[in-house]
Amino acid sequence: SDPRDVQRLTEAARARGLQVGAGPVVALLDGAESGSGGIAVALDAPWGLAASDARLKAALYGDTPAAFEALLDYLTGKAPAPGKLPAKVGGYGIGTGCS
């Protein structure tokens, strides 16, 4: 993933008082890149989620500071993730979302 994306997520987490470098591993995915760890987050395209072995998978569709704030809201339980996949991604059908 892009080092700028990692920096944006790190800054957003630290601003919330979250400890960085401990806890679940968050893999930020670009394009079709897959990743492993506790949480896989596809930033601009969801295709990498199909091959990821992460326990939790999320499609963010952006890499702005506001997008990372929304991601942290979801990961910390402060907000739901109401979005749905606009396309089939591996075994996940169109309209699949968080339950």
# chains A, B, ... in the order shown; residues from 1 in each chain; ligands from 1

call {"tool": "residues_around", "arguments": {"residues": "Gly35 (chain A)", "least_positions_apart": "3", "cutoff": "10 Å", "atoms": "only C-alpha atoms", "output": "PDB file with N, CA and C atoms, in the first residue's frame"}}
result
ATOM      1  N   SER A   1       0.836  -1.202   0.000  1.00  0.00           N
ATOM      2  CA  SER A   1       0.000   0.000   0.000  1.00  0.00           C
ATOM      3  C   SER A   1       0.875   1.258   0.000  1.00  0.00           C
ATOM      4  N   VAL A  26      -3.860  -4.199  10.496  1.00  0.00           N
ATOM      5  CA  VAL A  26      -4.716  -3.669   9.449  1.00  0.00           C
ATOM      6  C   VAL A  26      -3.883  -3.605   8.176  1.00  0.00           C
ATOM      7  N   ALA A  27      -4.302  -4.372   7.167  1.00  0.00           N
ATOM      8  CA  ALA A  27      -3.628  -4.366   5.869  1.00  0.00           C
ATOM      9  C   ALA A  27      -4.415  -3.468   4.925  1.00  0.00           C
ATOM     10  N   LEU A  28      -3.765  -2.430   4.407  1.00  0.00           N
ATOM     11  CA  LEU A  28      -4.404  -1.533   3.443  1.00  0.00           C
ATOM     12  C   LEU A  28      -4.099  -2.056   2.043  1.00  0.00           C
ATOM     13  N   LEU A  29      -5.143  -2.320   1.258  1.00  0.00           N
ATOM     14  CA  LEU A  29      -4.986  -2.929  -0.062  1.00  0.00           C
ATOM     15  C   LEU A  29      -5.224  -1.909  -1.157  1.00  0.00           C
ATOM     16  N   ASP A  30      -4.365  -1.920  -2.155  1.00  0.00           N
ATOM     17  CA  ASP A  30      -4.514  -1.072  -3.339  1.00  0.00           C
ATOM     18  C   ASP A  30      -4.873  -1.969  -4.517  1.00  0.00           C
ATOM     19  N   ALA A  32      -5.909  -4.741  -6.885  1.00  0.00           N
ATOM     20  CA  ALA A  32      -6.122  -6.179  -6.770  1.00  0.00           C
ATOM     21  C   ALA A  32      -5.188  -6.821  -5.747  1.00  0.00           C
ATOM     22  N   GLY A  38      -5.406  -9.319  10.623  1.00  0.00           N
ATOM     23  CA  GLY A  38      -6.716  -9.330  11.262  1.00  0.00           C
ATOM     24  C   GLY A  38      -7.771  -8.615  10.450  1.00  0.00           C
ATOM     25  N   ILE A  39      -7.379  -7.528   9.776  1.00  0.00           N
ATOM     26  CA  ILE A  39      -8.323  -6.684   9.054  1.00  0.00           C
ATOM     27  C   ILE A  39      -7.714  -6.306   7.707  1.00  0.00           C
ATOM     28  N   ALA A  40      -8.464  -6.544   6.625  1.00  0.00           N
ATOM     29  CA  ALA A  40      -8.036  -6.115   5.290  1.00  0.00           C
ATOM     30  C   ALA A  40      -8.973  -5.015   4.839  1.00  0.00           C
ATOM     31  N   VAL A  41      -8.403  -3.892   4.406  1.00  0.00           N
ATOM     32  CA  VAL A  41      -9.195  -2.749   3.957  1.00  0.00           C
ATOM     33  C   VAL A  41      -8.795  -2.406   2.532  1.00  0.00           C
ATOM     34  N   ALA A  42      -9.739  -2.585   1.601  1.00  0.00           N
ATOM     35  CA  ALA A  42      -9.517  -2.202   0.210  1.00  0.00           C
ATOM     36  C   ALA A  42      -9.806  -0.717   0.089  1.00  0.00           C
ATOM     37  N   GLY A  48      -9.021  -6.987  -4.198  1.00  0.00           N
ATOM     38  CA  GLY A  48      -8.061  -7.690  -3.341  1.00  0.00           C
ATOM     39  C   GLY A  48      -8.706  -8.424  -2.185  1.00  0.00           C
ATOM     40  N   LEU A  49      -9.915  -8.047  -1.813  1.00  0.00           N
ATOM     41  CA  LEU A  49     -10.592  -8.717  -0.700  1.00  0.00           C
ATOM     42  C   LEU A  49     -10.904 -10.176  -1.018  1.00  0.00           C
ATOM     43  N   ALA A  50     -11.094 -10.494  -2.300  1.00  0.00           N
ATOM     44  CA  ALA A  50     -11.442 -11.863  -2.694  1.00  0.00           C
ATOM     45  C   ALA A  50     -10.362 -12.861  -2.285  1.00  0.00           C
ATOM     46  N   ALA A  51      -9.101 -12.495  -2.391  1.00  0.00           N
ATOM     47  CA  ALA A  51      -8.001 -13.402  -2.088  1.00  0.00           C
ATOM     48  C   ALA A  51      -7.441 -13.218  -0.680  1.00  0.00           C
ATOM     49  N   SER A  52      -7.950 -12.269   0.054  1.00  0.00           N
ATOM     50  CA  SER A  52      -7.435 -12.000   1.397  1.00  0.00           C
ATOM     51  C   SER A  52      -7.908 -13.059   2.383  1.00  0.00           C
ATOM     52  N   ASP A  53      -7.038 -13.409   3.320  1.00  0.00           N
ATOM     53  CA  ASP A  53      -7.433 -14.353   4.363  1.00  0.00           C
ATOM     54  C   ASP A  53      -7.707 -13.645   5.696  1.00  0.00           C
ATOM     55  N   ALA A  54      -7.893 -12.344   5.645  1.00  0.00           N
ATOM     56  CA  ALA A  54      -8.176 -11.576   6.869  1.00  0.00           C
ATOM     57  C   ALA A  54      -9.518 -11.994   7.464  1.00  0.00           C
ATOM     58  N   LYS A  57     -13.055  -7.979   6.580  1.00  0.00           N
ATOM     59  CA  LYS A  57     -12.737  -7.341   5.301  1.00  0.00           C
ATOM     60  C   LYS A  57     -13.659  -6.152   5.121  1.00  0.00           C
TER      61      LYS A  57
END

call {"tool": "residues_around", "arguments": {"residues": "Trp47 (chain A)", "least_positions_apart": "6", "cutoff": "9 Å", "atoms": "only C-alpha atoms", "output": "list in words"}}
result
Asp30, Gly31, Ala32, Glu33, Ser34, Lys88, Val89 and Gly90 of chain A

call {"tool": "atom_distance", "arguments": {"atom1": "CA of Ala13 (chain A)", "atom2": "CA of Thr96 (chain A)"}}
result
27.0 Å

call {"tool": "select_by_dssp", "arguments": {"residues": "region 11-85 of chain A", "states": "alpha helix (DSSP H)", "output": "list in words"}}
result
Glu11, Ala12, Ala13, Arg14, Ala15, Pro65, Ala66, Ala67, Phe68, Glu69, Ala70, Leu71, Leu72, Asp73, Tyr74 and Leu75 of chain A

call {"tool": "atom_distance", "arguments": {"atom1": "CA of Ala12 (chain A)", "atom2": "CA of Ala70 (chain A)"}}
result
9.9 Å

call {"tool": "select_by_dssp", "arguments": {"residues": "chain A", "states": "strand (DSSP E or B)", "output": "list in words"}}
result
Val26, Ala27, Leu28, Leu29, Ile39, Ala40, Val41, Ala42, Leu56, Lys57, Ala58, Ala59, Lys84, Val89, Tyr92 and Gly97 of chain A

call {"tool": "atom_distance", "arguments": {"atom1": "CA of Phe68 (chain A)", "atom2": "CA of Gly37 (chain A)"}}
result
18.1 Å

call {"tool": "residues_around", "arguments": {"residues": "Pro65 (chain A)", "least_positions_apart": "4", "cutoff": "10 Å", "atoms": "only C-alpha atoms", "output": "mmCIF file with all heavy atoms, in the first residue's frame"}}
result
data_model
loop_
_atom_site.group_PDB
_atom_site.id
_atom_site.type_symbol
_atom_site.label_atom_id
_atom_site.label_comp_id
_atom_site.auth_asym_id
_atom_site.auth_seq_id
_atom_site.Cartn_x
_atom_site.Cartn_y
_atom_site.Cartn_z
ATOM 1 N N ASP A 5 -1.053 6.476 2.658
ATOM 2 C CA ASP A 5 -2.271 5.910 3.237
ATOM 3 C C ASP A 5 -2.021 5.389 4.642
ATOM 4 O O ASP A 5 -2.816 5.604 5.551
ATOM 5 C CB ASP A 5 -2.815 4.781 2.354
ATOM 6 C CG ASP A 5 -3.264 5.273 1.000
ATOM 7 O OD1 ASP A 5 -3.674 6.447 0.897
ATOM 8 O OD2 ASP A 5 -3.201 4.487 0.038
ATOM 9 N N GLN A 7 0.254 6.471 6.639
ATOM 10 C CA GLN A 7 0.432 7.663 7.475
ATOM 11 C C GLN A 7 -0.922 8.284 7.851
ATOM 12 O O GLN A 7 -1.132 8.676 8.993
ATOM 13 C CB GLN A 7 1.314 8.692 6.768
ATOM 14 C CG GLN A 7 1.627 9.908 7.605
ATOM 15 C CD GLN A 7 2.418 9.571 8.856
ATOM 16 O OE1 GLN A 7 3.204 8.633 8.891
ATOM 17 N NE2 GLN A 7 2.192 10.326 9.913
ATOM 18 N N ARG A 8 -1.844 8.372 6.888
ATOM 19 C CA ARG A 8 -3.169 8.952 7.175
ATOM 20 C C ARG A 8 -3.904 8.124 8.215
ATOM 21 O O ARG A 8 -4.515 8.671 9.139
ATOM 22 C CB ARG A 8 -4.000 9.034 5.892
ATOM 23 C CG ARG A 8 -3.569 10.131 4.969
ATOM 24 C CD ARG A 8 -4.493 10.197 3.751
ATOM 25 N NE ARG A 8 -3.917 11.030 2.736
ATOM 26 C CZ ARG A 8 -3.433 10.605 1.579
ATOM 27 N NH1 ARG A 8 -3.483 9.343 1.247
ATOM 28 N NH2 ARG A 8 -2.904 11.451 0.723
ATOM 29 N N LEU A 9 -3.865 6.797 8.078
ATOM 30 C CA LEU A 9 -4.531 5.937 9.059
ATOM 31 C C LEU A 9 -3.861 6.059 10.421
ATOM 32 O O LEU A 9 -4.535 6.167 11.447
ATOM 33 C CB LEU A 9 -4.532 4.487 8.586
ATOM 34 C CG LEU A 9 -5.165 3.483 9.533
ATOM 35 C CD1 LEU A 9 -6.619 3.835 9.831
ATOM 36 C CD2 LEU A 9 -5.047 2.073 8.978
ATOM 37 N N GLU A 11 -2.154 8.622 11.645
ATOM 38 C CA GLU A 11 -2.479 9.930 12.233
ATOM 39 C C GLU A 11 -3.902 9.958 12.781
ATOM 40 O O GLU A 11 -4.145 10.478 13.878
ATOM 41 C CB GLU A 11 -2.297 11.032 11.194
ATOM 42 C CG GLU A 11 -0.845 11.311 10.878
ATOM 43 C CD GLU A 11 -0.661 12.257 9.702
ATOM 44 O OE1 GLU A 11 -1.660 12.743 9.119
ATOM 45 O OE2 GLU A 11 0.510 12.516 9.353
ATOM 46 N N ALA A 12 -4.841 9.389 12.044
ATOM 47 C CA ALA A 12 -6.234 9.366 12.501
ATOM 48 C C ALA A 12 -6.372 8.525 13.763
ATOM 49 O O ALA A 12 -7.086 8.903 14.699
ATOM 50 C CB ALA A 12 -7.148 8.834 11.401
ATOM 51 N N GLU A 69 -11.208 8.391 8.948
ATOM 52 C CA GLU A 69 -12.013 8.666 10.147
ATOM 53 C C GLU A 69 -13.240 7.763 10.171
ATOM 54 O O GLU A 69 -13.598 7.197 11.203
ATOM 55 C CB GLU A 69 -12.446 10.133 10.180
ATOM 56 C CG GLU A 69 -11.323 11.112 10.444
ATOM 57 C CD GLU A 69 -10.788 11.044 11.865
ATOM 58 O OE1 GLU A 69 -11.547 10.675 12.788
ATOM 59 O OE2 GLU A 69 -9.599 11.360 12.052
ATOM 60 N N ALA A 70 -13.911 7.625 9.028
ATOM 61 C CA ALA A 70 -15.093 6.757 8.934
ATOM 62 C C ALA A 70 -14.709 5.303 9.192
ATOM 63 O O ALA A 70 -15.441 4.577 9.883
ATOM 64 C CB ALA A 70 -15.747 6.911 7.565
ATOM 65 N N LEU A 71 -13.581 4.870 8.662
ATOM 66 C CA LEU A 71 -13.108 3.512 8.910
ATOM 67 C C LEU A 71 -12.890 3.278 10.399
ATOM 68 O O LEU A 71 -13.322 2.260 10.952
ATOM 69 C CB LEU A 71 -11.811 3.247 8.138
ATOM 70 C CG LEU A 71 -11.121 1.914 8.437
ATOM 71 C CD1 LEU A 71 -11.983 0.746 7.995
ATOM 72 C CD2 LEU A 71 -9.745 1.885 7.772
#

call {"tool": "closest_residue", "arguments": {"among": "A:Tyr74, A:Ala45, A:Asp63, A:Arg16", "to": "Arg4 (chain A)", "atoms": "only C-alpha atoms"}}
result
A:Asp63

call {"tool": "closest_residue", "arguments": {"among": "A:Gly97, A:Pro46, A:Gly62, A:Pro24", "to": "Pro82 (chain A)", "atoms": "only C-alpha atoms"}}
result
A:Gly97

call {"tool": "closest_residue", "arguments": {"among": "A:Val6, A:Val25, A:Ala59, A:Ala15", "to": "Ala81 (chain A)", "atoms": "only C-alpha atoms"}}
result
A:Ala59

call {"tool": "decode", "arguments": {"residues": "region 5-99 of chain A", "atoms": "C-alpha atoms", "output": "PDB file, in the first residue's frame"}}
result
ATOM      1  CA  ASP A   5      -2.271   5.910   3.237  1.00  0.00           C
ATOM      2  CA  VAL A   6      -0.523   4.224   6.143  1.00  0.00           C
ATOM      3  CA  GLN A   7       0.432   7.663   7.475  1.00  0.00           C
ATOM      4  CA  ARG A   8      -3.169   8.952   7.175  1.00  0.00           C
ATOM      5  CA  LEU A   9      -4.531   5.937   9.059  1.00  0.00           C
ATOM      6  CA  THR A  10      -1.792   6.219  11.693  1.00  0.00           C
ATOM      7  CA  GLU A  11      -2.479   9.930  12.233  1.00  0.00           C
ATOM      8  CA  ALA A  12      -6.234   9.366  12.501  1.00  0.00           C
ATOM      9  CA  ALA A  13      -5.736   6.544  15.008  1.00  0.00           C
ATOM     10  CA  ARG A  14      -3.315   8.535  17.159  1.00  0.00           C
ATOM     11  CA  ALA A  15      -5.662  11.541  17.132  1.00  0.00           C
ATOM     12  CA  ARG A  16      -8.276   9.260  18.724  1.00  0.00           C
ATOM     13  CA  GLY A  17      -5.829   8.067  21.346  1.00  0.00           C
ATOM     14  CA  LEU A  18      -5.544   4.587  19.829  1.00  0.00           C
ATOM     15  CA  GLN A  19      -2.279   2.761  20.280  1.00  0.00           C
ATOM     16  CA  VAL A  20      -0.530   2.176  16.960  1.00  0.00           C
ATOM     17  CA  GLY A  21       1.655  -0.909  16.607  1.00  0.00           C
ATOM     18  CA  ALA A  22      -0.409  -3.094  18.918  1.00  0.00           C
ATOM     19  CA  GLY A  23      -3.648  -4.983  18.412  1.00  0.00           C
ATOM     20  CA  PRO A  24      -5.009  -6.361  15.161  1.00  0.00           C
ATOM     21  CA  VAL A  25      -2.967  -5.881  12.002  1.00  0.00           C
ATOM     22  CA  VAL A  26      -4.716  -3.669   9.449  1.00  0.00           C
ATOM     23  CA  ALA A  27      -3.628  -4.366   5.869  1.00  0.00           C
ATOM     24  CA  LEU A  28      -4.404  -1.533   3.443  1.00  0.00           C
ATOM     25  CA  LEU A  29      -4.986  -2.929  -0.062  1.00  0.00           C
ATOM     26  CA  ASP A  30      -4.514  -1.072  -3.339  1.00  0.00           C
ATOM     27  CA  GLY A  31      -6.325  -2.407  -6.416  1.00  0.00           C
ATOM     28  CA  ALA A  32      -6.122  -6.179  -6.770  1.00  0.00           C
ATOM     29  CA  GLU A  33      -3.429  -6.521  -4.086  1.00  0.00           C
ATOM     30  CA  SER A  34      -4.501  -9.021  -1.400  1.00  0.00           C
ATOM     31  CA  GLY A  35      -3.417  -8.987   2.198  1.00  0.00           C
ATOM     32  CA  SER A  36      -3.523 -10.930   5.391  1.00  0.00           C
ATOM     33  CA  GLY A  37      -3.790  -9.988   9.004  1.00  0.00           C
ATOM     34  CA  GLY A  38      -6.716  -9.330  11.262  1.00  0.00           C
ATOM     35  CA  ILE A  39      -8.323  -6.684   9.054  1.00  0.00           C
ATOM     36  CA  ALA A  40      -8.036  -6.115   5.290  1.00  0.00           C
ATOM     37  CA  VAL A  41      -9.195  -2.749   3.957  1.00  0.00           C
ATOM     38  CA  ALA A  42      -9.517  -2.202   0.210  1.00  0.00           C
ATOM     39  CA  LEU A  43      -9.017   1.490  -0.486  1.00  0.00           C
ATOM     40  CA  ASP A  44     -10.036   2.221  -4.070  1.00  0.00           C
ATOM     41  CA  ALA A  45     -11.205  -1.090  -5.499  1.00  0.00           C
ATOM     42  CA  PRO A  46     -12.493  -4.146  -3.622  1.00  0.00           C
ATOM     43  CA  TRP A  47     -10.862  -6.848  -5.778  1.00  0.00           C
ATOM     44  CA  GLY A  48      -8.061  -7.690  -3.341  1.00  0.00           C
ATOM     45  CA  LEU A  49     -10.592  -8.717  -0.700  1.00  0.00           C
ATOM     46  CA  ALA A  50     -11.442 -11.863  -2.694  1.00  0.00           C
ATOM     47  CA  ALA A  51      -8.001 -13.402  -2.088  1.00  0.00           C
ATOM     48  CA  SER A  52      -7.435 -12.000   1.397  1.00  0.00           C
ATOM     49  CA  ASP A  53      -7.433 -14.353   4.363  1.00  0.00           C
ATOM     50  CA  ALA A  54      -8.176 -11.576   6.869  1.00  0.00           C
ATOM     51  CA  ARG A  55     -10.897 -12.239   9.456  1.00  0.00           C
ATOM     52  CA  LEU A  56     -12.557  -8.885   8.767  1.00  0.00           C
ATOM     53  CA  LYS A  57     -12.737  -7.341   5.301  1.00  0.00           C
ATOM     54  CA  ALA A  58     -13.871  -3.834   4.432  1.00  0.00           C
ATOM     55  CA  ALA A  59     -14.011  -1.772   1.244  1.00  0.00           C
ATOM     56  CA  LEU A  60     -13.334   1.907   1.905  1.00  0.00           C
ATOM     57  CA  TYR A  61     -13.431   3.417  -1.620  1.00  0.00           C
ATOM     58  CA  GLY A  62     -11.155   6.289  -0.777  1.00  0.00           C
ATOM     59  CA  ASP A  63      -7.990   7.331   0.989  1.00  0.00           C
ATOM     60  CA  THR A  64      -8.818  10.778   2.321  1.00  0.00           C
ATOM     61  CA  PRO A  65      -8.475  11.695   5.991  1.00  0.00           C
ATOM     62  CA  ALA A  66     -12.304  11.684   6.239  1.00  0.00           C
ATOM     63  CA  ALA A  67     -12.423   8.155   4.797  1.00  0.00           C
ATOM     64  CA  PHE A  68      -9.966   6.944   7.427  1.00  0.00           C
ATOM     65  CA  GLU A  69     -12.013   8.666  10.147  1.00  0.00           C
ATOM     66  CA  ALA A  70     -15.093   6.757   8.934  1.00  0.00           C
ATOM     67  CA  LEU A  71     -13.108   3.512   8.910  1.00  0.00           C
ATOM     68  CA  LEU A  72     -11.989   4.073  12.494  1.00  0.00           C
ATOM     69  CA  ASP A  73     -15.576   4.867  13.508  1.00  0.00           C
ATOM     70  CA  TYR A  74     -16.582   1.477  12.120  1.00  0.00           C
ATOM     71  CA  LEU A  75     -13.629  -0.454  13.573  1.00  0.00           C
ATOM     72  CA  THR A  76     -14.151   1.016  17.044  1.00  0.00           C
ATOM     73  CA  GLY A  77     -17.903   0.358  16.999  1.00  0.00           C
ATOM     74  CA  LYS A  78     -18.913   4.021  16.905  1.00  0.00           C
ATOM     75  CA  ALA A  79     -20.692   3.770  13.537  1.00  0.00           C
ATOM     76  CA  PRO A  80     -22.145   1.091  11.288  1.00  0.00           C
ATOM     77  CA  ALA A  81     -20.834   0.336   7.807  1.00  0.00           C
ATOM     78  CA  PRO A  82     -23.962   0.760   5.678  1.00  0.00           C
ATOM     79  CA  GLY A  83     -22.273   0.434   2.271  1.00  0.00           C
ATOM     80  CA  LYS A  84     -22.779  -2.436  -0.152  1.00  0.00           C
ATOM     81  CA  LEU A  85     -20.495  -3.892  -2.813  1.00  0.00           C
ATOM     82  CA  PRO A  86     -21.334  -2.502  -6.249  1.00  0.00           C
ATOM     83  CA  ALA A  87     -19.842  -5.544  -7.996  1.00  0.00           C
ATOM     84  CA  LYS A  88     -19.202  -9.232  -7.354  1.00  0.00           C
ATOM     85  CA  VAL A  89     -15.902  -9.752  -5.518  1.00  0.00           C
ATOM     86  CA  GLY A  90     -14.891 -13.410  -5.321  1.00  0.00           C
ATOM     87  CA  GLY A  91     -17.608 -15.190  -3.365  1.00  0.00           C
ATOM     88  CA  TYR A  92     -19.210 -11.906  -2.287  1.00  0.00           C
ATOM     89  CA  GLY A  93     -22.190 -10.954  -4.456  1.00  0.00           C
ATOM     90  CA  ILE A  94     -23.376  -7.536  -5.572  1.00  0.00           C
ATOM     91  CA  GLY A  95     -25.044  -5.816  -2.639  1.00  0.00           C
ATOM     92  CA  THR A  96     -23.069  -7.717   0.003  1.00  0.00           C
ATOM     93  CA  GLY A  97     -22.397  -5.609   3.056  1.00  0.00           C
ATOM     94  CA  CYS A  98     -21.683  -5.794   6.745  1.00  0.00           C
ATOM     95  CA  SER A  99     -24.209  -7.569   8.875  1.00  0.00           C
TER      96      SER A  99
END
